[in-house]
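Enquirer: Structure supplied as work-v2.cif; contents: mmCIF, C-alpha atoms.
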```cif
data_target
loop_
_atom_site.group_PDB
_atom_site.id
_atom_site.type_symbol
_atom_site.label_atom_id
_atom_site.label_comp_id
_atom_site.auth_asym_id
_atom_site.auth_seq_id
_atom_site.Cartn_x
_atom_site.Cartn_y
_atom_site.Cartn_z
ATOM 1 C CA MET A 1 86.243 112.545 180.829
ATOM 2 C CA ASN A 2 82.717 112.902 182.137
ATOM 3 C CA HIS A 3 80.669 110.256 180.260
ATOM 4 C CA ASN A 4 77.730 112.681 180.117
ATOM 5 C CA HIS A 5 79.785 114.902 177.800
ATOM 6 C CA GLN A 6 80.916 112.121 175.412
ATOM 7 C CA PRO A 7 78.042 112.460 172.871
ATOM 8 C CA LEU A 8 78.535 116.236 172.851
ATOM 9 C CA PHE A 9 82.327 115.783 172.345
ATOM 10 C CA ARG A 10 81.722 113.252 169.548
ATOM 11 C CA ARG A 11 79.297 115.626 167.841
ATOM 12 C CA ALA A 12 81.873 118.435 168.049
ATOM 13 C CA ILE A 13 84.569 116.214 166.457
ATOM 14 C CA LEU A 14 82.179 115.153 163.690
ATOM 15 C CA GLY A 15 81.206 118.762 163.102
ATOM 16 C CA ALA A 16 84.848 119.808 162.800
ATOM 17 C CA THR A 17 85.527 116.901 160.414
ATOM 18 C CA GLY A 18 82.557 117.995 158.344
ATOM 19 C CA LEU A 19 84.034 121.497 158.070
ATOM 20 C CA LEU A 20 87.347 120.046 156.930
ATOM 21 C CA LEU A 21 85.624 117.889 154.335
ATOM 22 C CA ALA A 22 83.556 120.820 153.137
ATOM 23 C CA SER A 23 86.521 123.165 152.624
ATOM 24 C CA PRO A 24 87.437 122.000 149.071
ATOM 25 C CA ALA A 25 83.794 122.395 148.043
ATOM 26 C CA LEU A 26 83.845 125.861 149.617
ATOM 27 C CA ALA A 27 87.001 126.711 147.630
ATOM 28 C CA GLN A 28 85.301 125.496 144.459
ATOM 29 C CA ARG A 29 82.240 127.683 145.098
ATOM 30 C CA GLU A 30 84.525 130.692 145.497
ATOM 31 C CA PHE A 31 86.575 129.871 142.389
ATOM 32 C CA PRO A 32 87.474 131.932 140.509
ATOM 33 C CA SER A 33 87.628 135.010 142.705
ATOM 34 C CA ARG A 34 90.335 136.815 140.710
ATOM 35 C CA PRO A 35 91.727 136.848 137.138
ATOM 36 C CA ILE A 36 93.322 133.692 135.716
ATOM 37 C CA ARG A 37 96.692 133.877 133.941
ATOM 38 C CA LEU A 38 97.148 131.863 130.746
ATOM 39 C CA ILE A 39 100.774 131.621 129.596
ATOM 40 C CA VAL A 40 100.990 131.372 125.802
ATOM 41 C CA PRO A 41 104.552 130.277 124.940
ATOM 42 C CA TRP A 42 104.533 131.928 121.501
ATOM 43 C CA LEU A 43 104.513 135.415 120.017
ATOM 44 C CA ALA A 44 101.218 137.286 119.888
ATOM 45 C CA SER A 45 100.944 136.642 116.143
ATOM 46 C CA ALA A 46 101.180 132.832 116.404
ATOM 47 C CA ALA A 47 98.250 130.577 115.487
ATOM 48 C CA ALA A 48 97.914 129.172 119.029
ATOM 49 C CA ASP A 49 97.934 132.694 120.476
ATOM 50 C CA ILE A 50 95.074 133.761 118.191
ATOM 51 C CA GLN A 51 93.076 130.623 119.037
ATOM 52 C CA LEU A 52 93.690 130.824 122.784
ATOM 53 C CA ARG A 53 92.794 134.536 122.945
ATOM 54 C CA SER A 54 89.432 133.776 121.363
ATOM 55 C CA LEU A 55 88.869 130.834 123.723
ATOM 56 C CA ALA A 56 89.853 132.905 126.789
ATOM 57 C CA GLN A 57 87.548 135.762 125.841
ATOM 58 C CA ILE A 58 84.553 133.426 125.543
ATOM 59 C CA ALA A 59 85.411 131.361 128.659
ATOM 60 C CA THR A 60 85.647 134.598 130.672
ATOM 61 C CA ARG A 61 81.879 134.994 130.236
ATOM 62 C CA HIS A 62 81.281 131.562 131.808
ATOM 63 C CA LEU A 63 83.789 131.972 134.658
ATOM 64 C CA GLY A 64 82.907 135.522 135.698
ATOM 65 C CA GLN A 65 86.601 136.441 135.876
ATOM 66 C CA PRO A 66 88.945 137.394 133.023
ATOM 67 C CA ILE A 67 91.494 134.977 131.598
ATOM 68 C CA ILE A 68 94.540 137.159 130.925
ATOM 69 C CA ILE A 69 96.988 136.068 128.209
ATOM 70 C CA GLU A 70 100.720 136.395 128.886
ATOM 71 C CA ASN A 71 103.063 135.729 125.959
ATOM 72 C CA ARG A 72 106.390 134.100 126.822
ATOM 73 C CA ALA A 73 107.946 133.218 123.482
ATOM 74 C CA GLY A 74 111.268 131.497 122.936
ATOM 75 C CA ALA A 75 113.039 128.253 123.902
ATOM 76 C CA SER A 76 110.954 126.274 121.362
ATOM 77 C CA GLY A 77 107.756 126.978 123.277
ATOM 78 C CA ILE A 78 108.653 125.432 126.662
ATOM 79 C CA LEU A 79 108.672 128.575 128.860
ATOM 80 C CA GLY A 80 105.060 128.165 129.975
ATOM 81 C CA ALA A 81 105.550 124.516 130.943
ATOM 82 C CA GLN A 82 108.794 125.405 132.710
ATOM 83 C CA LEU A 83 107.058 128.126 134.744
ATOM 84 C CA LEU A 84 104.169 125.869 135.800
ATOM 85 C CA ALA A 85 106.484 123.010 136.760
ATOM 86 C CA SER A 86 108.166 125.307 139.302
ATOM 87 C CA GLU A 87 104.858 125.853 141.152
ATOM 88 C CA ALA A 88 104.303 123.804 144.307
ATOM 89 C CA GLN A 89 100.611 123.180 143.587
ATOM 90 C CA GLY A 90 97.944 124.314 141.146
ATOM 91 C CA ASP A 91 95.180 126.594 142.403
ATOM 92 C CA GLY A 92 93.462 127.230 139.060
ATOM 93 C CA TYR A 93 94.861 130.720 138.565
ATOM 94 C CA LEU A 94 97.774 129.735 136.336
ATOM 95 C CA LEU A 95 97.459 127.776 133.076
ATOM 96 C CA THR A 96 99.572 127.173 129.996
ATOM 97 C CA GLN A 97 99.311 125.567 126.583
ATOM 98 C CA LEU A 98 100.893 122.107 126.498
ATOM 99 C CA HIS A 99 101.844 121.179 122.939
ATOM 100 C CA ASN A 100 103.902 118.376 121.406
ATOM 101 C CA SER A 101 107.060 120.505 121.189
ATOM 102 C CA ALA A 102 106.886 121.037 124.957
ATOM 103 C CA LEU A 103 106.616 117.254 125.379
ATOM 104 C CA ARG A 104 109.459 116.620 122.918
ATOM 105 C CA VAL A 105 112.067 119.189 123.968
ATOM 106 C CA PRO A 106 112.851 117.680 127.412
ATOM 107 C CA PHE A 107 114.044 114.525 125.608
ATOM 108 C CA MET A 108 116.478 116.771 123.719
ATOM 109 C CA MET A 109 118.089 118.114 126.906
ATOM 110 C CA GLN A 110 120.640 116.661 129.297
ATOM 111 C CA ARG A 111 118.756 118.137 132.248
ATOM 112 C CA PRO A 112 115.025 118.253 131.455
ATOM 113 C CA PRO A 113 113.356 121.224 133.212
ATOM 114 C CA TYR A 114 110.154 119.288 133.968
ATOM 115 C CA ASP A 115 108.478 115.890 133.883
ATOM 116 C CA ALA A 116 105.223 116.135 131.928
ATOM 117 C CA LEU A 117 103.731 113.083 133.654
ATOM 118 C CA ARG A 118 104.358 114.405 137.163
ATOM 119 C CA ASP A 119 104.386 118.202 137.022
ATOM 120 C CA PHE A 120 100.980 119.111 135.558
ATOM 121 C CA SER A 121 97.249 118.862 136.200
ATOM 122 C CA PHE A 122 95.501 118.183 132.882
ATOM 123 C CA VAL A 123 92.487 120.416 132.280
ATOM 124 C CA ILE A 124 91.339 119.966 128.662
ATOM 125 C CA ARG A 125 92.657 119.037 125.236
ATOM 126 C CA LEU A 126 91.458 121.495 122.637
ATOM 127 C CA VAL A 127 92.519 121.509 118.993
ATOM 128 C CA GLY A 128 95.237 120.582 116.547
ATOM 129 C CA TYR A 129 97.223 122.541 113.996
ATOM 130 C CA SER A 130 97.274 122.646 110.232
ATOM 131 C CA TYR A 131 100.890 122.918 109.107
ATOM 132 C CA GLY A 132 102.362 123.618 105.726
ATOM 133 C CA VAL A 133 105.287 125.002 103.753
ATOM 134 C CA VAL A 134 104.843 128.432 102.214
ATOM 135 C CA VAL A 135 106.996 130.487 99.833
ATOM 136 C CA ARG A 136 106.689 133.973 98.365
ATOM 137 C CA PRO A 137 104.478 134.268 95.273
ATOM 138 C CA ASP A 138 107.450 135.528 93.233
ATOM 139 C CA SER A 139 109.459 132.374 94.020
ATOM 140 C CA PRO A 140 110.207 130.018 91.102
ATOM 141 C CA TRP A 141 108.445 127.054 92.775
ATOM 142 C CA GLN A 142 104.834 126.462 91.783
ATOM 143 C CA SER A 143 104.667 123.090 93.549
ATOM 144 C CA TRP A 144 106.287 120.997 96.281
ATOM 145 C CA ALA A 145 107.811 118.733 93.613
ATOM 146 C CA GLN A 146 109.557 121.711 92.014
ATOM 147 C CA PHE A 147 110.787 122.920 95.401
ATOM 148 C CA VAL A 148 112.216 119.483 96.293
ATOM 149 C CA ALA A 149 113.910 119.221 92.887
ATOM 150 C CA HIS A 150 115.539 122.625 93.444
ATOM 151 C CA VAL A 151 116.765 121.628 96.931
ATOM 152 C CA LYS A 152 118.278 118.434 95.526
ATOM 153 C CA ALA A 153 120.048 120.411 92.791
ATOM 154 C CA ASN A 154 121.306 123.006 95.298
ATOM 155 C CA PRO A 155 122.300 121.131 98.483
ATOM 156 C CA GLY A 156 122.849 123.304 101.547
ATOM 157 C CA LYS A 157 121.659 126.471 99.792
ATOM 158 C CA VAL A 158 117.896 126.597 100.419
ATOM 159 C CA SER A 159 116.753 127.983 103.801
ATOM 160 C CA PHE A 160 113.531 127.402 105.686
ATOM 161 C CA GLY A 161 112.298 128.990 108.909
ATOM 162 C CA THR A 162 110.323 127.509 111.805
ATOM 163 C CA ALA A 163 109.129 128.598 115.253
ATOM 164 C CA GLY A 164 112.156 126.915 116.873
ATOM 165 C CA VAL A 165 114.419 123.891 117.216
ATOM 166 C CA GLY A 166 112.483 120.715 117.969
ATOM 167 C CA THR A 167 109.095 122.214 117.117
ATOM 168 C CA THR A 168 106.715 120.029 115.134
ATOM 169 C CA GLN A 169 107.384 122.076 111.989
ATOM 170 C CA HIS A 170 111.113 121.431 112.385
ATOM 171 C CA VAL A 171 110.544 117.723 113.049
ATOM 172 C CA ALA A 172 108.347 117.352 109.950
ATOM 173 C CA MET A 173 110.958 119.037 107.770
ATOM 174 C CA GLU A 174 113.749 116.844 109.181
ATOM 175 C CA GLN A 175 111.619 113.760 108.541
ATOM 176 C CA ALA A 176 110.932 114.963 104.987
ATOM 177 C CA ALA A 177 114.664 115.606 104.446
ATOM 178 C CA ARG A 178 115.522 112.069 105.554
ATOM 179 C CA SER A 179 112.807 110.535 103.419
ATOM 180 C CA ALA A 180 113.627 112.469 100.236
ATOM 181 C CA GLY A 181 117.399 112.856 100.704
ATOM 182 C CA LEU A 182 117.302 116.656 101.085
ATOM 183 C CA ASP A 183 120.010 118.982 102.418
ATOM 184 C CA TRP A 184 118.601 122.367 103.412
ATOM 185 C CA VAL A 185 119.327 125.008 106.060
ATOM 186 C CA HIS A 186 117.056 125.327 109.102
ATOM 187 C CA ILE A 187 116.659 128.851 110.560
ATOM 188 C CA PRO A 188 114.837 128.735 113.938
ATOM 189 C CA PHE A 189 112.902 131.759 115.196
ATOM 190 C CA ARG A 190 111.459 132.695 118.608
ATOM 191 C CA GLY A 191 107.902 131.738 117.711
ATOM 192 C CA GLY A 192 105.329 131.752 114.948
ATOM 193 C CA GLY A 193 105.102 135.065 113.100
ATOM 194 C CA ASP A 194 108.718 136.241 112.955
ATOM 195 C CA ASP A 195 109.570 133.528 110.435
ATOM 196 C CA VAL A 196 106.775 134.606 108.072
ATOM 197 C CA GLN A 197 107.914 138.240 108.316
ATOM 198 C CA ALA A 198 111.456 137.145 107.444
ATOM 199 C CA LEU A 199 110.102 135.232 104.436
ATOM 200 C CA LEU A 200 108.079 138.229 103.232
ATOM 201 C CA GLY A 201 111.197 140.385 103.681
ATOM 202 C CA GLY A 202 113.212 138.129 101.387
ATOM 203 C CA ASN A 203 115.466 136.695 104.122
ATOM 204 C CA LEU A 204 114.275 133.084 103.769
ATOM 205 C CA ASP A 205 113.361 130.779 100.907
ATOM 206 C CA ALA A 206 110.467 129.055 102.695
ATOM 207 C CA VAL A 207 108.678 128.732 106.024
ATOM 208 C CA ALA A 208 107.266 125.604 107.639
ATOM 209 C CA SER A 209 104.564 126.887 109.944
ATOM 210 C CA SER A 210 101.113 126.447 111.410
ATOM 211 C CA SER A 211 98.235 128.065 109.558
ATOM 212 C CA LEU A 212 98.790 131.719 110.456
ATOM 213 C CA TRP A 213 99.715 131.969 106.750
ATOM 214 C CA ALA A 214 96.218 130.903 105.616
ATOM 215 C CA GLU A 215 94.752 134.326 104.837
ATOM 216 C CA MET A 216 98.019 135.468 103.227
ATOM 217 C CA VAL A 217 97.829 132.426 100.941
ATOM 218 C CA GLN A 218 94.221 133.262 100.085
ATOM 219 C CA ASN A 219 95.187 136.896 99.412
ATOM 220 C CA GLY A 220 98.050 135.875 97.129
ATOM 221 C CA GLN A 221 100.780 137.161 99.495
ATOM 222 C CA LEU A 222 102.179 133.639 99.962
ATOM 223 C CA ARG A 223 102.024 130.327 98.075
ATOM 224 C CA LEU A 224 101.273 127.062 99.905
ATOM 225 C CA LEU A 225 103.270 124.142 98.494
ATOM 226 C CA VAL A 226 102.350 121.236 100.784
ATOM 227 C CA SER A 227 100.469 120.517 104.029
ATOM 228 C CA PHE A 228 101.397 118.131 106.859
ATOM 229 C CA GLY A 229 98.022 116.684 107.897
ATOM 230 C CA GLU A 230 96.332 113.323 107.350
ATOM 231 C CA GLN A 231 94.051 114.974 104.778
ATOM 232 C CA ARG A 232 94.288 118.033 102.580
ATOM 233 C CA ILE A 233 93.312 121.339 104.192
ATOM 234 C CA ALA A 234 89.671 122.000 103.273
ATOM 235 C CA ARG A 235 90.321 125.590 102.199
ATOM 236 C CA PHE A 236 93.223 124.549 99.959
ATOM 237 C CA PRO A 237 91.947 121.381 98.288
ATOM 238 C CA THR A 238 94.449 121.515 95.397
ATOM 239 C CA VAL A 239 97.488 121.481 97.726
ATOM 240 C CA PRO A 240 98.776 117.936 98.415
ATOM 241 C CA THR A 241 99.854 116.512 101.758
ATOM 242 C CA LEU A 242 103.370 115.230 102.425
ATOM 243 C CA ARG A 243 101.996 111.678 102.250
ATOM 244 C CA GLU A 244 100.488 112.312 98.829
ATOM 245 C CA SER A 245 103.901 113.657 97.813
ATOM 246 C CA GLY A 246 105.630 110.380 98.687
ATOM 247 C CA ILE A 247 106.834 111.314 102.190
ATOM 248 C CA ASP A 248 105.198 109.162 104.877
ATOM 249 C CA VAL A 249 104.827 111.936 107.468
ATOM 250 C CA ALA A 250 101.670 113.470 108.995
ATOM 251 C CA HIS A 251 101.310 115.885 111.917
ATOM 252 C CA THR A 252 98.395 117.739 113.514
ATOM 253 C CA SER A 253 99.911 118.039 117.035
ATOM 254 C CA PRO A 254 96.829 118.346 119.267
ATOM 255 C CA TYR A 255 97.333 120.596 122.283
ATOM 256 C CA GLY A 256 95.524 121.479 125.464
ATOM 257 C CA LEU A 257 95.689 123.455 128.678
ATOM 258 C CA VAL A 258 97.336 122.340 131.904
ATOM 259 C CA ALA A 259 97.802 123.740 135.407
ATOM 260 C CA PRO A 260 100.502 123.013 137.984
ATOM 261 C CA LYS A 261 100.384 119.618 139.677
ATOM 262 C CA GLY A 262 98.042 118.635 142.506
ATOM 263 C CA MET A 263 95.104 120.876 141.622
ATOM 264 C CA ASP A 264 91.765 120.308 143.375
ATOM 265 C CA PRO A 265 89.640 118.118 141.029
ATOM 266 C CA GLY A 266 86.652 120.384 141.641
ATOM 267 C CA ILE A 267 88.575 123.404 140.349
ATOM 268 C CA THR A 268 89.773 121.361 137.372
ATOM 269 C CA ARG A 269 86.132 120.559 136.623
ATOM 270 C CA ILE A 270 85.062 124.240 136.809
ATOM 271 C CA LEU A 271 87.831 125.217 134.396
ATOM 272 C CA HIS A 272 87.155 122.287 132.082
ATOM 273 C CA ASP A 273 83.441 123.008 131.870
ATOM 274 C CA ALA A 274 83.906 126.704 131.078
ATOM 275 C CA LEU A 275 86.620 125.997 128.499
ATOM 276 C CA HIS A 276 84.570 123.177 126.952
ATOM 277 C CA ARG A 277 81.634 125.530 126.461
ATOM 278 C CA ALA A 278 83.960 128.129 124.946
ATOM 279 C CA LEU A 279 85.571 125.525 122.669
ATOM 280 C CA HIS A 280 82.203 124.701 121.080
ATOM 281 C CA ASP A 281 80.911 128.280 121.012
ATOM 282 C CA PRO A 282 79.895 129.262 117.427
ATOM 283 C CA GLN A 283 82.206 132.294 117.548
ATOM 284 C CA HIS A 284 85.183 130.083 118.419
ATOM 285 C CA LEU A 285 84.245 127.373 115.923
ATOM 286 C CA ALA A 286 84.140 130.032 113.186
ATOM 287 C CA LEU A 287 87.688 131.079 114.119
ATOM 288 C CA LEU A 288 88.887 127.455 113.973
ATOM 289 C CA GLU A 289 87.385 127.150 110.495
ATOM 290 C CA ARG A 290 89.167 130.335 109.379
ATOM 291 C CA MET A 291 92.457 128.997 110.761
ATOM 292 C CA ASP A 292 91.956 125.414 109.541
ATOM 293 C CA MET A 293 92.494 124.089 113.083
ATOM 294 C CA PRO A 294 90.818 120.696 113.699
ATOM 295 C CA LEU A 295 88.949 119.997 116.947
ATOM 296 C CA ALA A 296 90.819 117.487 119.131
ATOM 297 C CA TYR A 297 88.786 117.613 122.355
ATOM 298 C CA LEU A 298 89.507 115.323 125.296
ATOM 299 C CA ASN A 299 88.179 115.766 128.830
ATOM 300 C CA SER A 300 90.582 116.083 131.763
ATOM 301 C CA ALA A 301 90.853 112.363 132.555
ATOM 302 C CA ASP A 302 91.184 111.245 128.928
ATOM 303 C CA TYR A 303 93.732 113.978 128.239
ATOM 304 C CA ALA A 304 95.905 112.783 131.144
ATOM 305 C CA ALA A 305 95.460 109.147 130.052
ATOM 306 C CA SER A 306 96.605 109.979 126.501
ATOM 307 C CA LEU A 307 99.915 111.432 127.650
ATOM 308 C CA PRO A 308 102.141 108.352 128.141
ATOM 309 C CA ALA A 309 101.654 107.220 124.517
ATOM 310 C CA THR A 310 102.246 110.764 123.201
ATOM 311 C CA LEU A 311 105.426 111.080 125.259
ATOM 312 C CA GLU A 312 106.727 107.788 123.910
ATOM 313 C CA GLU A 313 106.083 108.977 120.341
ATOM 314 C CA GLN A 314 108.058 112.149 121.027
ATOM 315 C CA ARG A 315 110.936 110.237 122.657
ATOM 316 C CA LEU A 316 111.236 108.050 119.565
ATOM 317 C CA VAL A 317 111.160 111.073 117.232
ATOM 318 C CA VAL A 318 114.010 112.684 119.168
ATOM 319 C CA ARG A 319 116.011 109.446 119.173
ATOM 320 C CA ASP A 320 115.435 108.677 115.489
ATOM 321 C CA LEU A 321 116.295 112.185 114.286
ATOM 322 C CA GLY A 322 119.116 112.717 116.794
ATOM 323 C CA LEU A 323 117.599 116.068 117.878
ATOM 324 C CA ARG A 324 119.483 118.131 120.487
ATOM 325 C CA MET A 325 118.994 121.567 121.932
#
```
What does the file become when written as structure tokens?
Expert:
Amino acid sequence: MNHNHQPLFRRAILGATGLLLASPALAQREFPSRPIRLIVPWLASAAADIQLRSLAQIATRHLGQPIIIENRAGASGILGAQLLASEAQGDGYLLTQLHNSALRVPFMMQRPPYDALRDFSFVIRLVGYSYGVVVRPDSPWQSWAQFVAHVKANPGKVSFGTAGVGTTQHVAMEQAARSAGLDWVHIPFRGGGDDVQALLGGNLDAVASSSLWAEMVQNGQLRLLVSFGEQRIARFPTVPTLRESGIDVAHTSPYGLVAPKGMDPGITRILHDALHRALHDPQHLALLERMDMPLAYLNSADYAASLPATLEEQRLVVRDLGLRM
């Protein structure tokens, strides 16, 4: 090579390298350039669906592109995680809710459909649930103690519905059954909402569910017997927790949003920042208050770092209760 051209050649190589290094930043500046899909693995009437629709609507204003909700209910809420795990790499245009049931269910299967530690990019942890057991107002049970006494006197005859096998509601009820020596019949549904309709229609004795029942309890359409949190639900201060009722069980099941693995950190940051603003928007906070859903925010790095301990908790729950799909 002519030595006179070496500086020019070196500058050309450096310039090309600079373009390569700049390309992720360029992609971030252009993101998002089209609508984002958010897979909600529950029915449209479920508590998480209502919360995530509100969040998506507000975050759309910050992103400049719509976040479109797709409901894929069934399979105990793992269909969103399953879909994302099949993607080669995240580009920011596909998200799903990752909840404790989706972390738990793979431990219940011979061939897990995904590995939560490897298959996802963690964007943001959002909120937790308020769970409880509700019955119809014309039922004979005015309290959890009365309900438990009836179950004990009528083994195998009292039915309760949940959003699916291995969901947190189901786990809490199995833990309560073990603790109190109860024999009842679990009826799993495709996702939150159908179980409450079955209860209202007289096809179930009780439902263990997240707080989509809250307004129906306030309106007198349902009666809340017990809640599953660390503290009583603020709107229902007279209703005891399981712990206060002598059953050492508490669940709030914080959940967040994830993308397929290997997503550009800059795109993760754009999504996180928009969703974080939406999470703390007064309109969204008012919805959380109405639904008794506690804030459980973690940023992307802390959310990912929290996962190994959460997975171990879920593995032990599955082992201890002998849960299987």
Enquirer: Evaluated on this file, the PyMOL selection byres ((chain A and resi 275-285) around 7) picks out some residues - which ones are they, written as a PDB file with C-alpha atoms, in the frame of the given file?
Expert:
```pdb
ATOM      1  CA  SER A  54      89.432 133.776 121.363  1.00  0.00           C
ATOM      2  CA  LEU A  55      88.869 130.834 123.723  1.00  0.00           C
ATOM      3  CA  ILE A  58      84.553 133.426 125.543  1.00  0.00           C
ATOM      4  CA  ALA A  59      85.411 131.361 128.659  1.00  0.00           C
ATOM      5  CA  LEU A 271      87.831 125.217 134.396  1.00  0.00           C
ATOM      6  CA  HIS A 272      87.155 122.287 132.082  1.00  0.00           C
ATOM      7  CA  ASP A 273      83.441 123.008 131.870  1.00  0.00           C
ATOM      8  CA  ALA A 274      83.906 126.704 131.078  1.00  0.00           C
ATOM      9  CA  ALA A 286      84.140 130.032 113.186  1.00  0.00           C
ATOM     10  CA  LEU A 287      87.688 131.079 114.119  1.00  0.00           C
ATOM     11  CA  LEU A 288      88.887 127.455 113.973  1.00  0.00           C
ATOM     12  CA  GLU A 289      87.385 127.150 110.495  1.00  0.00           C
TER      13      GLU A 289
END
```
Enquirer: With all atoms listed in the file as the counted atoms, please give the residues lying no more than 12 Å from Pro260 (chain A), apart from itself and same-chain residues fewer than 5 positions off, as JSON, numbers by chain.
Expert: {"A": [38, 80, 81, 82, 83, 84, 85, 86, 87, 88, 89, 90, 91, 92, 93, 94, 95, 96, 97, 98, 114, 115, 116, 117, 118, 119, 120, 121, 122, 123, 268]}
Enquirer: Please determine, counting only C-alpha atoms, which residue among A:Pro140, A:Glu215, A:Ser179, A:Gly256 has the shortest atom-to-atom distance to Asp302 (chain A).
Expert: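 When distances to Asp302 (chain A) are compared using only C-alpha atoms, the smallest one comes from A:Gly256.
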Enquirer: Would you kindly return, as a PyMOL selection string, each protein, DNA or RNA residue with an atom no farther than 12 Å from any atom of Ala48 (chain A), considering all atoms listed in the file and excluding same-chain residues fewer than 2 positions away?
Expert: chain A and resi 39-46+50-56+69+71+73+77+96-99+126-130+163+191-193+209-212+253-257+287-288+291-293
Enquirer: Considering all atoms listed in the file, can you say which of A:Val258, A:Ala145, A:Ile187, A:Met263 comes closest to Val207 (chain A)?
Expert: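 Smallest distance to Val207 (chain A) is found for A:Ile187.
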Enquirer: May I ask which of the residues A:Gly201, A:Gly322, A:Gly266, A:Pro35 is the closest one to Arg178 (chain A), counting only C-alpha atoms?
Expert: A:Gly322
Enquirer: Taking (108.4, 114.0, 124.0) in the file's own coordinates, collect the residues within 8 Å, counting only C-alpha atoms, and hand them back as a PDB file with C-alpha atoms, in the coordinates of the input.
Expert:
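Result file follows (point07.pdb):
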```pdb
ATOM      1  CA  ASN A 100     103.902 118.376 121.406  1.00  0.00           C
ATOM      2  CA  SER A 101     107.060 120.505 121.189  1.00  0.00           C
ATOM      3  CA  ALA A 102     106.886 121.037 124.957  1.00  0.00           C
ATOM      4  CA  LEU A 103     106.616 117.254 125.379  1.00  0.00           C
ATOM      5  CA  ARG A 104     109.459 116.620 122.918  1.00  0.00           C
ATOM      6  CA  VAL A 105     112.067 119.189 123.968  1.00  0.00           C
ATOM      7  CA  PRO A 106     112.851 117.680 127.412  1.00  0.00           C
ATOM      8  CA  PHE A 107     114.044 114.525 125.608  1.00  0.00           C
ATOM      9  CA  THR A 310     102.246 110.764 123.201  1.00  0.00           C
ATOM     10  CA  LEU A 311     105.426 111.080 125.259  1.00  0.00           C
ATOM     11  CA  GLU A 312     106.727 107.788 123.910  1.00  0.00           C
ATOM     12  CA  GLU A 313     106.083 108.977 120.341  1.00  0.00           C
ATOM     13  CA  GLN A 314     108.058 112.149 121.027  1.00  0.00           C
ATOM     14  CA  ARG A 315     110.936 110.237 122.657  1.00  0.00           C
ATOM     15  CA  LEU A 316     111.236 108.050 119.565  1.00  0.00           C
ATOM     16  CA  VAL A 317     111.160 111.073 117.232  1.00  0.00           C
ATOM     17  CA  VAL A 318     114.010 112.684 119.168  1.00  0.00           C
TER      18      VAL A 318
END
```
Enquirer: Can you work out the spacing between CA of Leu182 (chain A) and CA of Phe160 (chain A) in Å, to one decimal?
Expert: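 Spanning CA of Leu182 (chain A) to CA of Phe160 (chain A) is a straight-line distance of 12.3 Å.
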Enquirer: Could you check the closest approach to Asn219 (chain A) for each of A:Trp184, A:Asp248, A:Ala75, A:Pro137 and tell me which residue wins, using only C-alpha atoms?
Expert: A:Pro137
